[in-house]
Amino acid sequence: MNLVGELHDLLLSSTNTVVFTGAGVSTASGIRDFRGKHGIYNDTFRGYNVEELFGIDLFNSDPSLFYAWAKDFVYDLEAFRPCTVHNLLARLERAGLVKAVVTQNIDRLHTLAGSKRVYELHGSPSLHHCRTCGAEADYDTIAPIVRAGQVPMCSCGGVFKPDIVFYGENLPEQTFGAAIAACQEADLMVVLGSSLTVFPAAALPEEAYRCGARVVIVNDTPTSLDRRAILKLDDLTDTFMQLNDLLTNRL
Ligand SMILES: [Zn+2]
């Protein structure tokens, strides 16, 4: 049996599969990578690097820099659709073969594909909150303002910030806690498109392993968990195309 066949059998024989997704799943939908060779991390904007632009200190002192920079990549999500990976994960959840998706991505594509139990460790721009009064506004309200080159302001005079976890901010406590609990209960942990380098998020698959889960990695570069994995595959899109065919009659 080939490796995808083995992954297929593992999915069917496990009772509590949790999937952990990273940038590779987003790039499969055409979204630019963060850390790859042509990734967003190589960008600078008006002399600031990405960690500064995504930093809470700069946002607090001058939010116009973040919004001017993010206009063309955080606020253009309508241009991207879920890919085979997102779609198959949603169908696997509906069939009871995936319990939860834990993601490092902020692009909302798992939810858009129909996955219900999604833990967004780094948040998303689905919601924004006013830094002053806490008022809430959704993506569809804020995006046109940002694309028009303006900083989205609350009626109280405060600035709206996306519910994305910025550098210098903690991960959302409730989401992170629930994601840890899901990982601890998993008997199969499938890591997709993550090189497991961004902590603390990347500690979650390891926690699943520590609690007894079998680990499968599908990523085109080595990860720190490779030697613990019972299965390692490289090509995410190819794996999911094959998996999709193998599961056709079951989903
Ligand atoms: Zn306000």
# chains A, B, ... in the order shown; residues from 1 in each chain; ligands from 1

call {"tool": "closest_atom_pairs", "arguments": {"of": "stretch 37-96 of chain A", "to": "stretch 226-248 of chain A", "cutoff": "12 Å", "atoms": "only C-alpha atoms", "output": "Markdown table"}}
result
| residue | atom | partner | partner_atom | distance |
| --- | --- | --- | --- | --- |
| A:Cys83 | CA | A:Thr237 | CA | 8.7 |
| A:Thr84 | CA | A:Phe240 | CA | 6.6 |
| A:Val85 | CA | A:Phe240 | CA | 6.0 |
| A:His86 | CA | A:Phe240 | CA | 9.6 |
| A:Asn87 | CA | A:Asn244 | CA | 9.6 |
| A:Leu88 | CA | A:Asn244 | CA | 6.7 |
| A:Leu89 | CA | A:Phe240 | CA | 9.5 |
| A:Ala90 | CA | A:Asn244 | CA | 11.9 |
| A:Arg91 | CA | A:Asn244 | CA | 9.9 |
| A:Leu92 | CA | A:Leu247 | CA | 9.1 |
| A:Ala95 | CA | A:Leu247 | CA | 10.7 |

call {"tool": "residues_around", "arguments": {"residues": "stretch 154-161 of chain A", "least_positions_apart": "2", "cutoff": "12 Å", "atoms": "only C-alpha atoms", "output": "PyMOL selection string"}}
result
chain A and resi 54-56+59-64+66-67+70+123-139+141-143+145-146+150-152+163-166

call {"tool": "write_last_selection", "arguments": {"atoms": "N, CA and C atoms", "output": "CSV table (one decimal), in the first residue's frame"}}
result
chain,number,residue,atom,x,y,z
A,54,PHE,N,3.1,43.7,12.2
A,54,PHE,CA,2.1,42.9,12.9
A,54,PHE,C,2.3,43.0,14.4
A,55,GLY,N,3.0,44.0,14.9
A,55,GLY,CA,3.3,44.1,16.3
A,55,GLY,C,2.3,45.1,17.0
A,56,ILE,N,2.0,44.7,18.2
A,56,ILE,CA,0.9,45.5,18.9
A,56,ILE,C,1.4,46.9,19.2
A,59,PHE,N,1.0,49.1,16.2
A,59,PHE,CA,-0.4,49.3,16.0
A,59,PHE,C,-1.0,50.4,16.9
A,60,ASN,N,-0.5,50.3,18.2
A,60,ASN,CA,-1.0,51.2,19.2
A,60,ASN,C,-0.5,52.6,18.9
A,61,SER,N,0.7,52.7,18.4
A,61,SER,CA,1.2,54.1,18.2
A,61,SER,C,0.8,54.7,16.9
A,62,ASP,N,0.6,53.8,15.8
A,62,ASP,CA,0.1,54.4,14.5
A,62,ASP,C,-0.5,53.2,13.7
A,63,PRO,N,-1.8,53.0,13.9
A,63,PRO,CA,-2.5,51.9,13.2
A,63,PRO,C,-2.6,52.1,11.7
A,64,SER,N,-2.4,53.3,11.2
A,64,SER,CA,-2.5,53.6,9.8
A,64,SER,C,-1.4,52.8,9.0
A,66,PHE,N,-0.2,49.7,9.8
A,66,PHE,CA,-0.7,48.3,9.7
A,66,PHE,C,-1.8,48.2,8.6
A,67,TYR,N,-2.8,49.2,8.6
A,67,TYR,CA,-3.9,49.1,7.7
A,67,TYR,C,-3.4,49.4,6.2
A,70,ALA,N,-1.7,46.1,5.3
A,70,ALA,CA,-2.6,44.9,5.3
A,70,ALA,C,-3.7,44.9,4.2
A,123,GLY,N,-6.3,33.7,15.7
A,123,GLY,CA,-7.4,34.6,15.4
A,123,GLY,C,-7.7,34.7,13.9
A,124,SER,N,-8.5,35.7,13.6
A,124,SER,CA,-8.9,36.0,12.2
A,124,SER,C,-9.4,37.4,12.1
A,125,PRO,N,-9.5,37.9,10.9
A,125,PRO,CA,-10.1,39.3,10.8
A,125,PRO,C,-11.7,39.2,10.7
A,126,SER,N,-12.3,38.0,11.0
A,126,SER,CA,-13.7,37.9,10.9
A,126,SER,C,-14.4,39.0,11.8
A,127,LEU,N,-13.8,39.2,13.0
A,127,LEU,CA,-14.3,40.3,13.9
A,127,LEU,C,-13.2,41.3,14.2
A,128,HIS,N,-13.6,42.5,14.5
A,128,HIS,CA,-12.7,43.6,14.9
A,128,HIS,C,-13.3,44.1,16.2
A,129,HIS,N,-12.4,44.6,17.1
A,129,HIS,CA,-12.9,45.3,18.3
A,129,HIS,C,-12.3,46.6,18.4
A,130,CYS,N,-13.1,47.6,19.0
A,130,CYS,CA,-12.6,48.9,19.2
A,130,CYS,C,-11.6,48.8,20.4
A,131,ARG,N,-10.4,49.5,20.2
A,131,ARG,CA,-9.4,49.4,21.3
A,131,ARG,C,-9.9,50.2,22.5
A,132,THR,N,-10.8,51.1,22.3
A,132,THR,CA,-11.2,52.0,23.4
A,132,THR,C,-12.5,51.5,24.2
A,133,CYS,N,-13.5,51.2,23.4
A,133,CYS,CA,-14.8,50.8,24.1
A,133,CYS,C,-15.2,49.4,23.9
A,134,GLY,N,-14.4,48.6,23.1
A,134,GLY,CA,-14.7,47.2,22.9
A,134,GLY,C,-15.8,46.9,21.9
A,135,ALA,N,-16.4,47.9,21.3
A,135,ALA,CA,-17.4,47.6,20.3
A,135,ALA,C,-16.9,46.7,19.2
A,136,GLU,N,-17.8,45.9,18.6
A,136,GLU,CA,-17.5,44.9,17.7
A,136,GLU,C,-17.9,45.3,16.3
A,137,ALA,N,-17.1,44.9,15.3
A,137,ALA,CA,-17.5,45.1,13.9
A,137,ALA,C,-17.0,43.9,13.1
A,138,ASP,N,-17.8,43.5,12.0
A,138,ASP,CA,-17.3,42.3,11.3
A,138,ASP,C,-16.5,42.7,10.1
A,139,TYR,N,-15.9,41.7,9.5
A,139,TYR,CA,-15.0,41.8,8.3
A,139,TYR,C,-15.7,42.6,7.2
A,141,THR,N,-17.9,44.8,7.2
A,141,THR,CA,-18.0,46.3,7.6
A,141,THR,C,-16.7,47.0,7.4
A,142,ILE,N,-15.6,46.3,7.9
A,142,ILE,CA,-14.3,47.0,8.0
A,142,ILE,C,-13.6,46.9,6.7
A,143,ALA,N,-13.6,45.8,5.9
A,143,ALA,CA,-12.8,45.7,4.8
A,143,ALA,C,-12.9,46.8,3.7
A,145,ILE,N,-13.6,49.9,4.2
A,145,ILE,CA,-13.0,51.1,4.8
A,145,ILE,C,-11.4,51.0,4.6
A,146,VAL,N,-10.9,49.8,4.9
A,146,VAL,CA,-9.5,49.6,4.8
A,146,VAL,C,-9.0,49.7,3.3
A,150,GLN,N,-8.5,54.0,4.5
A,150,GLN,CA,-8.7,54.6,5.8
A,150,GLN,C,-8.5,53.7,6.9
A,151,VAL,N,-8.3,54.3,8.1
A,151,VAL,CA,-8.2,53.5,9.3
A,151,VAL,C,-9.7,53.4,9.9
A,152,PRO,N,-10.1,52.1,10.1
A,152,PRO,CA,-11.5,52.0,10.6
A,152,PRO,C,-11.7,52.5,12.0
A,163,ASP,N,-9.3,40.9,15.2
A,163,ASP,CA,-9.0,39.9,16.2
A,163,ASP,C,-8.0,38.9,15.7
A,164,ILE,N,-6.9,39.4,15.2
A,164,ILE,CA,-5.8,38.6,14.8
A,164,ILE,C,-4.8,38.7,15.9
A,165,VAL,N,-4.1,37.7,16.3
A,165,VAL,CA,-3.1,37.8,17.4
A,165,VAL,C,-1.8,38.5,16.8
A,166,PHE,N,-1.5,39.6,17.3
A,166,PHE,CA,-0.4,40.4,16.9
A,166,PHE,C,0.9,40.0,17.8

call {"tool": "residues_around", "arguments": {"residues": "A:Glu207", "least_positions_apart": "5", "cutoff": "8 Å", "atoms": "only C-alpha atoms", "output": "PDB file with N, CA and C atoms, in the first residue's frame"}}
result
ATOM      1  N   ILE A 180      -5.960  22.722  23.158  1.00  0.00           N
ATOM      2  CA  ILE A 180      -5.100  21.788  23.906  1.00  0.00           C
ATOM      3  C   ILE A 180      -5.912  20.573  24.337  1.00  0.00           C
ATOM      4  N   CYS A 183      -6.477  18.254  21.525  1.00  0.00           N
ATOM      5  CA  CYS A 183      -5.250  17.531  21.167  1.00  0.00           C
ATOM      6  C   CYS A 183      -4.940  16.423  22.169  1.00  0.00           C
ATOM      7  N   GLN A 184      -5.230  16.685  23.433  1.00  0.00           N
ATOM      8  CA  GLN A 184      -4.950  15.684  24.466  1.00  0.00           C
ATOM      9  C   GLN A 184      -5.855  14.466  24.333  1.00  0.00           C
TER      10      GLN A 184
END

call {"tool": "atom_distance", "arguments": {"atom1": "atom CA of A:Leu196", "atom2": "atom CA of A:Thr111"}}
result
22.0 Å

call {"tool": "closest_residue", "arguments": {"among": "A:Ile106, A:Leu171, A:Ala181, A:Leu121", "to": "A:Val25", "atoms": "only C-alpha atoms"}}
result
A:Ile106

call {"tool": "select_by_dssp", "arguments": {"residues": "stretch 12-195 of chain A", "states": "helix (DSSP H, G or I)", "output": "PyMOL selection string"}}
result
chain A and resi 12-13+23-27+40-42+50-53+56-61+63-70+77-79+84-94+109-113+139-147+173-185

call {"tool": "closest_residue", "arguments": {"among": "A:Arg46, A:Met153, A:Leu112, A:Ile217", "to": "ligand 1", "atoms": "only C-alpha atoms and all ligand atoms"}}
result
A:Met153

call {"tool": "residues_around", "arguments": {"residues": "A:Phe176", "least_positions_apart": "4", "cutoff": "10 Å", "atoms": "only C-alpha atoms", "output": "list in words"}}
result
Val102, Tyr119, Glu120, Leu121, His122, Asn170, Leu171, Pro172, Ile180, Ala181, Ala182, Pro200, Ala201 and Leu204 of chain A

call {"tool": "closest_residue", "arguments": {"among": "A:Leu97, A:Leu109, A:Leu192, A:Val218", "to": "A:Leu10", "atoms": "only C-alpha atoms"}}
result
A:Leu97

call {"tool": "atom_distance", "arguments": {"atom1": "atom CA of A:Asp33", "atom2": "atom CA of A:Thr197"}}
result
14.0 Å

call {"tool": "closest_residue", "arguments": {"among": "A:Ser29, A:Asn105, A:Ser224, A:Asn2", "to": "A:Ala203", "atoms": "only C-alpha atoms"}}
result
A:Ser224

call {"tool": "atom_distance", "arguments": {"atom1": "atom CA of A:Ala100", "atom2": "atom CA of A:Asn249"}}
result
22.1 Å

call {"tool": "decode", "arguments": {"residues": "stretch 160-190 of chain A", "atoms": "N, CA, C and O atoms", "output": "tab-separated table (two decimals), in the first residue's frame"}}
result
chain	number	residue	atom	x	y	z
A	160	PHE	N	-10.51	50.49	15.48
A	160	PHE	CA	-10.79	49.05	15.42
A	160	PHE	C	-9.52	48.26	15.13
A	160	PHE	O	-8.72	48.67	14.28
A	161	LYS	N	-9.37	47.14	15.82
A	161	LYS	CA	-8.25	46.22	15.55
A	161	LYS	C	-8.83	44.85	15.21
A	161	LYS	O	-9.76	44.40	15.87
A	162	PRO	N	-8.27	44.19	14.17
A	162	PRO	CA	-8.77	42.84	13.87
A	162	PRO	C	-8.45	41.88	15.02
A	162	PRO	O	-7.45	42.06	15.72
A	163	ASP	N	-9.29	40.87	15.18
A	163	ASP	CA	-9.05	39.85	16.21
A	163	ASP	C	-7.99	38.85	15.73
A	163	ASP	O	-8.16	37.64	15.86
A	164	ILE	N	-6.93	39.37	15.17
A	164	ILE	CA	-5.75	38.57	14.80
A	164	ILE	C	-4.77	38.75	15.95
A	164	ILE	O	-4.66	39.85	16.50
A	165	VAL	N	-4.08	37.66	16.30
A	165	VAL	CA	-3.09	37.77	17.38
A	165	VAL	C	-1.84	38.45	16.83
A	165	VAL	O	-1.19	37.93	15.92
A	166	PHE	N	-1.54	39.62	17.34
A	166	PHE	CA	-0.36	40.37	16.92
A	166	PHE	C	0.85	39.95	17.76
A	166	PHE	O	0.70	39.41	18.85
A	167	TYR	N	2.04	40.22	17.24
A	167	TYR	CA	3.25	40.03	18.06
A	167	TYR	C	3.12	40.92	19.29
A	167	TYR	O	2.72	42.08	19.19
A	168	GLY	N	3.45	40.32	20.44
A	168	GLY	CA	3.32	41.07	21.68
A	168	GLY	C	1.98	40.83	22.36
A	168	GLY	O	1.76	41.30	23.46
A	169	GLU	N	1.11	40.07	21.72
A	169	GLU	CA	-0.17	39.70	22.34
A	169	GLU	C	-0.17	38.21	22.65
A	169	GLU	O	0.49	37.42	21.97
A	170	ASN	N	-0.95	37.82	23.65
A	170	ASN	CA	-1.09	36.40	23.96
A	170	ASN	C	-2.09	35.74	23.01
A	170	ASN	O	-2.95	36.41	22.46
A	171	LEU	N	-1.96	34.42	22.87
A	171	LEU	CA	-2.97	33.69	22.10
A	171	LEU	C	-4.30	33.77	22.86
A	171	LEU	O	-4.31	33.90	24.07
A	172	PRO	N	-5.42	33.72	22.13
A	172	PRO	CA	-6.73	33.76	22.81
A	172	PRO	C	-6.85	32.59	23.78
A	172	PRO	O	-6.81	31.43	23.37
A	173	GLU	N	-7.00	32.92	25.05
A	173	GLU	CA	-6.89	31.92	26.13
A	173	GLU	C	-7.90	30.78	25.98
A	173	GLU	O	-7.54	29.61	26.07
A	174	GLN	N	-9.15	31.16	25.73
A	174	GLN	CA	-10.20	30.15	25.67
A	174	GLN	C	-9.99	29.21	24.47
A	174	GLN	O	-10.10	27.99	24.59
A	175	THR	N	-9.67	29.80	23.32
A	175	THR	CA	-9.45	29.00	22.12
A	175	THR	C	-8.26	28.07	22.30
A	175	THR	O	-8.31	26.89	21.96
A	176	PHE	N	-7.18	28.62	22.85
A	176	PHE	CA	-5.97	27.82	23.03
A	176	PHE	C	-6.23	26.67	24.01
A	176	PHE	O	-5.83	25.53	23.77
A	177	GLY	N	-6.94	26.96	25.10
A	177	GLY	CA	-7.27	25.93	26.10
A	177	GLY	C	-8.12	24.82	25.49
A	177	GLY	O	-7.86	23.64	25.71
A	178	ALA	N	-9.11	25.21	24.70
A	178	ALA	CA	-9.98	24.21	24.06
A	178	ALA	C	-9.21	23.39	23.04
A	178	ALA	O	-9.42	22.18	22.90
A	179	ALA	N	-8.28	24.04	22.34
A	179	ALA	CA	-7.47	23.32	21.35
A	179	ALA	C	-6.54	22.32	22.04
A	179	ALA	O	-6.37	21.19	21.56
A	180	ILE	N	-5.96	22.72	23.16
A	180	ILE	CA	-5.10	21.79	23.91
A	180	ILE	C	-5.91	20.57	24.34
A	180	ILE	O	-5.49	19.42	24.17
A	181	ALA	N	-7.10	20.83	24.88
A	181	ALA	CA	-7.95	19.72	25.34
A	181	ALA	C	-8.27	18.77	24.18
A	181	ALA	O	-8.21	17.54	24.34
A	182	ALA	N	-8.58	19.33	23.02
A	182	ALA	CA	-8.88	18.48	21.85
A	182	ALA	C	-7.66	17.64	21.48
A	182	ALA	O	-7.78	16.45	21.16
A	183	CYS	N	-6.48	18.25	21.52
A	183	CYS	CA	-5.25	17.53	21.17
A	183	CYS	C	-4.94	16.42	22.17
A	183	CYS	O	-4.46	15.35	21.80
A	184	GLN	N	-5.23	16.69	23.43
A	184	GLN	CA	-4.95	15.68	24.47
A	184	GLN	C	-5.85	14.47	24.33
A	184	GLN	O	-5.48	13.37	24.73
A	185	GLU	N	-7.04	14.66	23.76
A	185	GLU	CA	-7.99	13.55	23.61
A	185	GLU	C	-7.79	12.79	22.30
A	185	GLU	O	-8.37	11.74	22.08
A	186	ALA	N	-6.98	13.36	21.40
A	186	ALA	CA	-6.86	12.78	20.06
A	186	ALA	C	-6.15	11.43	20.10
A	186	ALA	O	-5.23	11.22	20.89
A	187	ASP	N	-6.60	10.51	19.23
A	187	ASP	CA	-5.80	9.29	19.04
A	187	ASP	C	-5.06	9.34	17.70
A	187	ASP	O	-4.19	8.52	17.44
A	188	LEU	N	-5.41	10.32	16.86
A	188	LEU	CA	-4.64	10.55	15.63
A	188	LEU	C	-4.50	12.06	15.43
A	188	LEU	O	-5.49	12.79	15.49
A	189	MET	N	-3.27	12.50	15.25
A	189	MET	CA	-2.97	13.91	15.01
A	189	MET	C	-2.39	14.02	13.61
A	189	MET	O	-1.36	13.42	13.31
A	190	VAL	N	-3.08	14.76	12.74
A	190	VAL	CA	-2.61	14.92	11.37
A	190	VAL	C	-2.16	16.36	11.18
A	190	VAL	O	-2.97	17.29	11.26
